[in-house]
Each structure stands twice: as C-alpha cells, then as structure tokens.
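One file, model-v3.txt, is given below (compact mmCIF, C-alpha atoms).
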# COMPACT_ATOMS: atom_id res chain seq x y z
CA GLN Y 1 95.79 66.55 105.83
CA GLN Y 2 98.48 64.01 105.13
CA GLN Y 3 101.86 65.47 106.02
CA VAL Y 4 104.78 66.30 103.83
CA LYS Y 5 107.89 67.09 105.83
CA GLN Y 6 110.42 69.49 104.36
CA SER Y 7 113.95 70.41 105.40
CA PRO Y 8 115.87 72.54 105.97
CA GLN Y 9 113.72 75.43 107.09
CA SER Y 10 116.30 77.87 105.77
CA LEU Y 11 119.35 77.57 103.57
CA ILE Y 12 122.15 79.93 102.69
CA VAL Y 13 124.27 79.16 99.64
CA GLN Y 14 127.01 81.03 97.84
CA LYS Y 15 126.52 82.01 94.23
CA GLY Y 16 127.45 79.11 91.99
CA GLY Y 17 126.87 76.53 94.70
CA ILE Y 18 124.33 73.71 94.87
CA SER Y 19 121.15 74.14 96.87
CA ILE Y 20 119.53 70.96 98.15
CA ILE Y 21 116.10 70.76 99.73
CA ASN Y 22 114.60 67.52 100.98
CA CYS Y 23 111.07 66.27 101.48
CA ALA Y 24 109.51 63.13 102.88
CA TYR Y 25 105.94 61.95 102.64
CA GLU Y 26 103.76 59.35 104.30
CA ASN Y 27 100.84 58.69 102.02
CA THR Y 28 101.70 56.07 99.40
CA ALA Y 29 98.67 57.16 97.38
CA PHE Y 30 100.48 60.36 96.38
CA ASP Y 31 101.36 60.14 92.71
CA TYR Y 32 102.53 63.61 91.76
CA PHE Y 33 105.31 65.58 93.40
CA PRO Y 34 105.76 69.23 92.34
CA TRP Y 35 108.08 71.89 93.61
CA TYR Y 36 106.98 75.50 93.83
CA GLN Y 37 108.93 78.72 94.07
CA GLN Y 38 107.39 81.66 95.87
CA PHE Y 39 108.60 85.23 96.05
CA PRO Y 40 107.38 87.58 98.82
CA GLY Y 41 103.84 88.80 98.24
CA LYS Y 42 103.29 86.49 95.28
CA GLY Y 43 101.56 83.20 94.70
CA PRO Y 44 103.60 80.03 94.21
CA ALA Y 45 104.85 79.18 90.74
CA LEU Y 46 105.42 75.63 89.53
CA LEU Y 47 109.12 74.94 89.13
CA ILE Y 48 109.40 71.26 88.29
CA ALA Y 49 107.45 68.10 89.05
CA ILE Y 50 107.94 64.35 89.01
CA ARG Y 51 105.89 61.18 89.09
CA PRO Y 52 106.92 58.14 91.15
CA ASP Y 53 107.74 55.99 88.13
CA VAL Y 54 110.80 58.15 87.47
CA SER Y 55 113.79 58.43 89.80
CA GLU Y 56 115.13 61.70 88.46
CA LYS Y 57 114.00 64.62 86.37
CA LYS Y 58 116.11 67.52 85.21
CA GLU Y 59 115.03 70.85 83.78
CA GLY Y 60 117.82 73.32 83.27
CA ARG Y 61 119.51 73.96 86.62
CA PHE Y 62 116.75 72.22 88.57
CA THR Y 63 116.73 68.48 89.30
CA ILE Y 64 114.31 66.37 91.29
CA SER Y 65 115.57 63.12 92.75
CA PHE Y 66 112.90 60.66 93.84
CA ASN Y 67 113.26 57.61 96.09
CA LYS Y 68 109.99 55.73 96.12
CA SER Y 69 111.03 53.07 98.62
CA ALA Y 70 112.18 55.68 101.12
CA LYS Y 71 109.24 57.98 100.32
CA GLN Y 72 111.60 60.88 99.87
CA PHE Y 73 112.30 63.39 97.15
CA SER Y 74 114.63 66.31 96.82
CA LEU Y 75 115.24 69.42 94.78
CA HIS Y 76 118.73 70.29 93.61
CA ILE Y 77 119.48 73.73 92.25
CA MET Y 78 122.77 73.77 90.41
CA ASP Y 79 124.83 76.91 89.94
CA SER Y 80 122.59 78.78 92.37
CA GLN Y 81 122.07 82.46 91.59
CA PRO Y 82 120.98 85.41 93.77
CA GLY Y 83 117.78 85.51 91.71
CA ASP Y 84 116.96 82.04 93.04
CA SER Y 85 116.54 83.53 96.52
CA ALA Y 86 112.95 82.68 97.39
CA THR Y 87 110.86 80.26 99.41
CA TYR Y 88 110.58 76.77 97.98
CA PHE Y 89 107.76 74.39 98.74
CA CYS Y 90 107.57 70.73 97.94
CA ALA Y 91 104.14 69.24 97.57
CA ALA Y 92 102.44 65.94 96.96
CA SER Y 93 99.08 65.11 95.52
CA SER Y 94 96.69 62.40 94.57
CA GLY Y 95 94.45 64.15 92.05
CA SER Y 96 94.36 67.94 92.20
CA ARG Y 97 94.49 68.27 95.97
CA LEU Y 98 97.96 69.38 97.00
CA THR Y 99 99.59 68.91 100.37
CA PHE Y 100 102.48 71.32 100.88
CA GLY Y 101 105.67 70.98 102.83
CA GLU Y 102 106.59 73.63 105.38
CA GLY Y 103 108.79 75.58 103.00
CA THR Y 104 112.50 76.42 102.74
CA GLN Y 105 113.76 79.97 102.67
CA LEU Y 106 116.71 79.96 100.27
CA THR Y 107 119.19 82.80 100.25
CA VAL Y 108 121.90 82.85 97.61
CA ASN Y 109 124.68 85.26 98.45
CA PRO Y 110 126.46 87.05 95.61
CA GLY A 111 101.34 79.04 80.79
CA ALA A 112 97.81 79.33 82.08
CA VAL A 113 96.92 82.50 83.96
CA VAL A 114 94.94 82.83 87.15
CA SER A 115 94.07 86.38 88.12
CA GLN A 116 93.33 87.25 91.73
CA HIS A 117 91.91 90.55 92.84
CA PRO A 118 92.50 92.62 94.86
CA SER A 119 96.18 92.08 95.55
CA TRP A 120 95.84 93.74 98.91
CA VAL A 121 93.01 95.07 101.03
CA ILE A 122 92.72 96.84 104.36
CA CYS A 123 89.41 96.79 106.15
CA LYS A 124 87.90 97.60 109.49
CA SER A 125 87.00 94.91 111.96
CA GLY A 126 83.45 93.68 111.44
CA THR A 127 83.27 94.40 107.74
CA SER A 128 83.21 91.83 104.92
CA VAL A 129 85.74 91.49 102.15
CA LYS A 130 85.36 89.72 98.80
CA ILE A 131 88.30 88.26 96.91
CA GLU A 132 87.95 87.19 93.27
CA CYS A 133 89.81 84.44 91.48
CA ARG A 134 89.54 84.17 87.70
CA SER A 135 91.01 81.71 85.25
CA LEU A 136 91.77 83.88 82.24
CA ASP A 137 92.58 81.42 79.49
CA PHE A 138 91.08 78.14 80.59
CA GLN A 139 87.95 76.78 82.18
CA ALA A 140 88.31 75.52 85.72
CA THR A 141 85.84 73.08 87.22
CA THR A 142 87.79 73.12 90.44
CA MET A 143 89.37 75.98 92.33
CA PHE A 144 91.15 75.90 95.65
CA TRP A 145 91.51 78.53 98.33
CA TYR A 146 94.56 78.64 100.58
CA ARG A 147 95.60 80.71 103.51
CA GLN A 148 99.21 81.54 104.30
CA PHE A 149 100.57 83.20 107.42
CA PRO A 150 104.00 84.89 107.34
CA LYS A 151 106.85 82.43 106.92
CA GLN A 152 104.46 79.50 106.93
CA SER A 153 103.18 77.05 104.37
CA LEU A 154 99.97 77.20 102.38
CA MET A 155 97.04 75.68 104.20
CA LEU A 156 94.10 74.50 102.13
CA MET A 157 90.88 76.13 103.28
CA ALA A 158 88.37 74.78 100.81
CA THR A 159 87.81 73.16 97.45
CA SER A 160 85.39 74.93 95.18
CA ASN A 161 83.56 73.10 92.40
CA GLU A 162 81.60 74.97 89.76
CA GLY A 163 77.89 74.90 90.42
CA SER A 164 78.06 73.13 93.75
CA LYS A 165 78.82 73.87 97.36
CA ALA A 166 82.41 74.19 98.43
CA THR A 167 84.07 71.53 100.51
CA TYR A 168 85.76 73.01 103.55
CA GLU A 169 88.74 71.64 105.39
CA GLN A 170 88.40 70.69 109.02
CA GLY A 171 88.52 73.73 111.27
CA VAL A 172 87.57 76.24 108.58
CA GLU A 173 84.35 78.09 109.39
CA LYS A 174 81.91 77.82 106.50
CA ASP A 175 79.85 80.79 107.62
CA LYS A 176 82.89 83.00 107.95
CA PHE A 177 84.58 82.13 104.68
CA LEU A 178 81.89 82.08 102.02
CA ILE A 179 82.92 80.59 98.71
CA ASN A 180 80.99 80.91 95.48
CA HIS A 181 81.96 79.23 92.23
CA ALA A 182 79.22 80.34 89.89
CA SER A 183 81.03 79.91 86.60
CA LEU A 184 83.89 77.93 85.10
CA THR A 185 86.16 80.95 85.26
CA LEU A 186 85.28 82.67 88.53
CA SER A 187 85.36 81.78 92.19
CA THR A 188 84.98 84.23 95.04
CA LEU A 189 85.95 84.08 98.70
CA THR A 190 84.12 86.41 101.07
CA VAL A 191 85.52 86.89 104.54
CA THR A 192 82.51 87.89 106.60
CA SER A 193 82.69 90.01 109.74
CA ALA A 194 86.45 90.12 109.48
CA HIS A 195 88.58 90.35 112.61
CA PRO A 196 92.30 91.05 113.05
CA GLU A 197 93.03 87.32 113.36
CA ASP A 198 91.73 86.89 109.81
CA SER A 199 94.61 88.99 108.54
CA SER A 200 96.55 86.74 106.23
CA PHE A 201 97.66 86.08 102.67
CA TYR A 202 94.91 84.34 100.72
CA ILE A 203 95.76 82.47 97.54
CA CYS A 204 93.56 80.74 95.01
CA SER A 205 94.47 78.09 92.49
CA ALA A 206 92.65 76.50 89.60
CA THR A 207 92.90 73.37 87.54
CA PRO A 208 91.63 73.02 83.97
CA THR A 209 88.52 71.03 83.18
CA VAL A 210 90.55 68.56 81.17
CA PRO A 211 91.93 66.26 83.87
CA SER A 212 95.26 67.61 84.87
CA GLU A 213 97.48 67.43 87.87
CA LYS A 214 98.66 70.94 87.15
CA LEU A 215 97.50 73.71 89.38
CA PHE A 216 97.86 77.35 88.48
CA PHE A 217 98.04 79.83 91.29
CA GLY A 218 96.83 83.37 91.59
CA SER A 219 99.14 86.08 92.83
CA GLY A 220 97.50 86.20 96.24
CA THR A 221 95.60 88.76 98.31
CA GLN A 222 97.06 90.29 101.46
CA LEU A 223 94.21 91.03 103.85
CA SER A 224 94.83 93.32 106.80
CA VAL A 225 91.99 93.78 109.28
CA LEU A 226 92.34 96.77 111.58
Translate this file's structure into structure tokens.
Amino acid sequence: QQQVKQSPQSLIVQKGGISIINCAYENTAFDYFPWYQQFPGKGPALLIAIRPDVSEKKEGRFTISFNKSAKQFSLHIMDSQPGDSATYFCAASSGSRLTFGEGTQLTVNP
Amino acid sequence: GAVVSQHPSWVICKSGTSVKIECRSLDFQATTMFWYRQFPKQSLMLMATSNEGSKATYEQGVEKDKFLINHASLTLSTLTVTSAHPEDSSFYICSATPTVPSEKLFFGSGTQLSVL
C-alpha cells in the first residue's frame, strides 16, 4: 500500500487550545483526503475531508489545510474539548480504496 | 448519515474454531465493501475488497483460505475467520460505499475477536 505518514503519534492539549495533526503522502494519484475520528472499541467516523483543488476547508471547529506542492495536509481542531479526546486518522484515496495514516492519540485535558 | 451495521460487536472463541462476522449496509446498497484489521494502538490495515457477486480481492500477505469473504447481496458481506488462532485476535472493521459512485466510506462499529 502507498504510505501516508502521520504525526505526532500522540498529542496532549489543554481545553480551549488548538490541536494540530499533520500528514504527508507520496502518491500523487490520491485525490481525496479524509480525516477520521475513532473512539475506543468503535469504528472510525468521518470528520472532514478535502480534495486537492482546495487549500483549506473548515467545518465548525475543524479545519483541513492542504498543500498540494508539498504533498502535505493537516487537521486543526480549534477550541479543543475533552470530548475530542480520541484517535484521529488521516487517509488518502484514489477511488474508494483508503490508505490510512498511523493515527494520533489526542488527549484534551480539562 | 448512512448506517453500516456490524455484528457481533465482540466474540470469544476457542482456538481451532471458525467465526463469522457480518457487515450490513442498512439504508443504502453497496457494491463494494472493505474489510480491515486493527491491532491495539495501530492503524487500520486493509485486508480485502469485496465486490457483490464476485470473488474478493485480498491484500498481499492476507491468507485467502483463512479469511473467507462472501458478498452475496448488495447489503451484506461476511468475513469468516477459519480455524482461528490466538494471533488472529484483533479488531475487525468493515466499511461500505454506495453503488452511486462516491468517495465516501461508511464504517461499521467493529468486531473485537478474542481467540483463546
């Protein structure tokens, strides 16, 4: 599988702070970049996604920034809340076949 | 949003037995379903792609005879772990995409398999 590299592996943020997770990809054929949120013992849930013709997408407190030339994209969580504590996965696809990043364990302290 | 139901949510079995996991798309038809495996604190690894009415396509390193996949209808795919061993213990997750071309994948809630 083509790799998608994700960092950091874990992240601790204070309530109200900004959480930033970064991903980099190799395959220029990827044309869809979703982020998933996963709670323990549950399947991943789509959070937000972007296509490479857009440099930024915002939905509520969640923003994706996309840099096509650098082949990088990131997730920003504004005003982070304890309920945001979960594992976040970036992914990339060409068609329906997703390649996932390694995941980031986010902990938001009250 | 679209719902994918996965059953059972957890199962414990003895070594050498077989376990079947079901994945159903409840409110849409899915020509393609995917099966993933996830070890603790690790990412999802694609095991196979399941297309309705045809044989599944397995990823490199995944044993076809051990992980039997059947996708007999547009709303149901099953994964059978045959002759399970403790190293097969893992979290198995399915996902489905609607028949209308869509990049969106909807995930099941996962099945935790523990083989004793």
Select, as a list in words, those residues of chain Y with any atom no more than 6 Å from chain A (distances computed using all atoms listed in the file). Lys42, Gly43, Ser96, Glu102 and Gly103 of chain Y
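Distance check against Tyr32 (chain Y) using only C-alpha atoms: of Y:Ser80, Y:Asn109, Y:Ser19, Y:Ser93, the minimum falls on Y:Ser93.
Those residues that approach His76 (chain Y) to within 12 Å, counting all atoms listed in the file, are Gly17, Ile18, Ser19, Ile20, Ile21, Asn22, Cys23, Trp35, Leu47, Ile48, Glu56, Lys57, Lys58, Glu59, Gly60, Arg61, Phe62, Thr63, Ile64, Ser65, Phe66, Phe73, Asp79, Ser80, Asp84, Tyr88, Cys90 and Leu106 of chain Y; same-chain residues fewer than 3 positions away are not listed.
Remark: for Ser94 (chain Y), the closest of the candidate residues Y:Met78, Y:Val4, Y:Val13, Y:Ala29 is Y:Ala29 (distances computed over only C-alpha atoms).
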Please provide the set of residues having any atom within 9 Å of Leu184 (chain A), restricted to only C-alpha atoms, with same-chain residues fewer than 4 positions apart removed, written as a PyMOL selection string. chain A and resi 134-135+138-142+161-163+209
Under the rule that only C-alpha atoms are counted, which of Y:Thr28, Y:Gly41, Y:Leu11, Y:Arg51 is the nearest residue to Gln105 (chain Y)?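 Closest to Gln105 (chain Y) of all the choices is Y:Leu11.
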Just the number, please: distance in Å from CA of Pro34 (chain Y) to CA of Val113 (chain A), one decimal.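 Between CA of Pro34 (chain Y) and CA of Val113 (chain A) the gap is 18.0 Å.
Proximity of Y:Ser7, Y:Gln38, Y:Ser74, Y:Gln14 to Gly101 (chain Y), computed with all atoms listed in the file, is greatest for Y:Ser7.
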Excluding Tyr25 (chain Y) and any residue of its chain fewer than 2 positions from it, enumerate the residues within 10 Å of it, using only C-alpha atoms, and give them as a list in words.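 The residues satisfying every condition are Gln2, Gln3, Val4, Lys5, Gln6, Cys23, Asn27, Thr28, Phe30, Phe33, Lys68, Ala70, Lys71, Gln72, Phe73, Ala91, Ala92, Thr99 and Gly101 of chain Y.
CA of Val191 (chain A) sits 27.4 Å away from CA of Gly95 (chain Y).
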